[in-house]
Amino acid sequence: MAGKIQYQFSAEVWQHSGPGGWHFISLPEAMSTEIRSLLGQEEEGWGRLKANAAIGNNQWETAVWFDTKKNTYLLPLKANIRKKENIVKGAIINVTLLL
């Protein structure tokens, strides 16, 4: 996985309200504060930062978005990744993130 800074954390999977809502994990707030202070100048529209993520045996190119209401970055979990790793809402998962 290519990237500048590596972060590892565990977090609970949650689903955005509404039918067919996306699944996300929220980065820990302290980690998000550090990321924003180090890489905030690289954010694109809507607080988007390009990233590479890994869960289990799967790696993919993605992005994290800063959510001002939650005061943290959010990592969206694509359906194909959830299926490959048997991830469901409420599960606690381990993530490696490269920014």
# chains A, B, ... in the order shown; residues from 1 in each chain; ligands from 1
>>> residues_around(residues="Ala79 in chain A", least_positions_apart="2", cutoff="12 Å", atoms="only C-alpha atoms", output="PyMOL selection string")
chain A and resi 15+20-24+76-77+81-89
>>> write_last_selection(atoms="N, CA and C atoms", output="short mmCIF file (atom, residue, chain, number, x, y, z; two decimals), in the first residue's frame")
data_model
loop_
_atom_site.label_atom_id
_atom_site.label_comp_id
_atom_site.auth_asym_id
_atom_site.auth_seq_id
_atom_site.Cartn_x
_atom_site.Cartn_y
_atom_site.Cartn_z
N GLN A 15 -24.36 2.55 9.69
CA GLN A 15 -25.03 2.77 8.41
C GLN A 15 -25.76 4.10 8.44
N GLY A 20 -30.97 1.67 1.79
CA GLY A 20 -29.76 1.53 0.99
C GLY A 20 -28.64 2.45 1.41
N GLY A 21 -28.69 2.96 2.66
CA GLY A 21 -27.67 3.90 3.13
C GLY A 21 -26.29 3.29 3.15
N TRP A 22 -25.30 4.11 2.90
CA TRP A 22 -23.90 3.68 2.90
C TRP A 22 -23.48 3.25 4.29
N HIS A 23 -22.52 2.35 4.35
CA HIS A 23 -21.90 1.94 5.60
C HIS A 23 -20.58 2.70 5.76
N PHE A 24 -20.28 3.08 7.00
CA PHE A 24 -19.08 3.86 7.31
C PHE A 24 -18.44 3.35 8.59
N PRO A 76 -15.91 5.42 4.03
CA PRO A 76 -17.02 4.63 3.48
C PRO A 76 -16.56 3.20 3.19
N LEU A 77 -17.44 2.25 3.43
CA LEU A 77 -17.14 0.84 3.18
C LEU A 77 -17.98 0.36 2.01
N ILE A 81 -16.37 -4.76 -0.54
CA ILE A 81 -15.44 -4.98 0.58
C ILE A 81 -16.18 -5.61 1.75
N ARG A 82 -17.37 -5.09 2.05
CA ARG A 82 -18.16 -5.67 3.15
C ARG A 82 -18.47 -7.14 2.88
N LYS A 83 -18.80 -7.45 1.64
CA LYS A 83 -19.12 -8.84 1.28
C LYS A 83 -17.90 -9.73 1.41
N LYS A 84 -16.76 -9.30 0.87
CA LYS A 84 -15.53 -10.11 0.92
C LYS A 84 -15.07 -10.38 2.34
N GLU A 85 -15.28 -9.41 3.23
CA GLU A 85 -14.80 -9.53 4.61
C GLU A 85 -15.92 -9.87 5.60
N ASN A 86 -17.13 -10.15 5.09
CA ASN A 86 -18.28 -10.49 5.95
C ASN A 86 -18.52 -9.42 7.01
N ILE A 87 -18.52 -8.16 6.59
CA ILE A 87 -18.70 -7.04 7.51
C ILE A 87 -20.17 -6.65 7.55
N VAL A 88 -20.71 -6.52 8.75
CA VAL A 88 -22.10 -6.10 8.94
C VAL A 88 -22.15 -4.90 9.88
N LYS A 89 -23.23 -4.18 9.80
CA LYS A 89 -23.46 -3.04 10.70
C LYS A 89 -23.30 -3.50 12.15
#
>>> select_by_dssp(residues="range 14-69 of chain A", states="strand (DSSP E)", output="VMD selection string")
chain A and resid 14 to 15 23 to 26 48 to 55 58 to 67
>>> closest_residue(among="A:Ile35, A:Arg48, A:Glu42, A:Gly90", to="Gln6 in chain A", atoms="only C-alpha atoms")
A:Ile35
>>> residues_around(residues="Ala63 in chain A", least_positions_apart="4", cutoff="9 Å", atoms="only C-alpha atoms", output="ChimeraX atom specification")
/A:48-53,74-76,99
>>> select_by_dssp(residues="range 12-45 of chain A", states="alpha helix (DSSP H)", output="PyMOL selection string")
chain A and resi 29-39
>>> write_last_selection(atoms="C-alpha atoms", output="PDB file, in the first residue's frame")
ATOM      1  CA  GLU A  29     -11.424  11.871  17.057  1.00  0.00           C
ATOM      2  CA  ALA A  30      -7.834  12.262  18.298  1.00  0.00           C
ATOM      3  CA  MET A  31      -6.577  10.590  15.131  1.00  0.00           C
ATOM      4  CA  SER A  32      -8.767  12.849  12.992  1.00  0.00           C
ATOM      5  CA  THR A  33      -7.437  15.921  14.784  1.00  0.00           C
ATOM      6  CA  GLU A  34      -3.878  14.808  14.072  1.00  0.00           C
ATOM      7  CA  ILE A  35      -4.658  14.032  10.418  1.00  0.00           C
ATOM      8  CA  ARG A  36      -6.362  17.383   9.933  1.00  0.00           C
ATOM      9  CA  SER A  37      -3.424  19.268  11.461  1.00  0.00           C
ATOM     10  CA  LEU A  38      -0.899  17.390   9.304  1.00  0.00           C
ATOM     11  CA  LEU A  39      -2.808  17.015   6.038  1.00  0.00           C
TER      12      LEU A  39
END
>>> atom_distance(atom1="CA of Lys78 in chain A", atom2="CA of Gln41 in chain A")
26.3 Å
>>> atom_distance(atom1="CA of Gly56 in chain A", atom2="CA of Tyr7 in chain A")
14.7 Å
>>> atom_distance(atom1="CA of Ile92 in chain A", atom2="CA of Trp65 in chain A")
19.9 Å
>>> closest_residue(among="A:Val13, A:Ile55, A:Ile25, A:Val64", to="Ala91 in chain A", atoms="only C-alpha atoms")
A:Val13
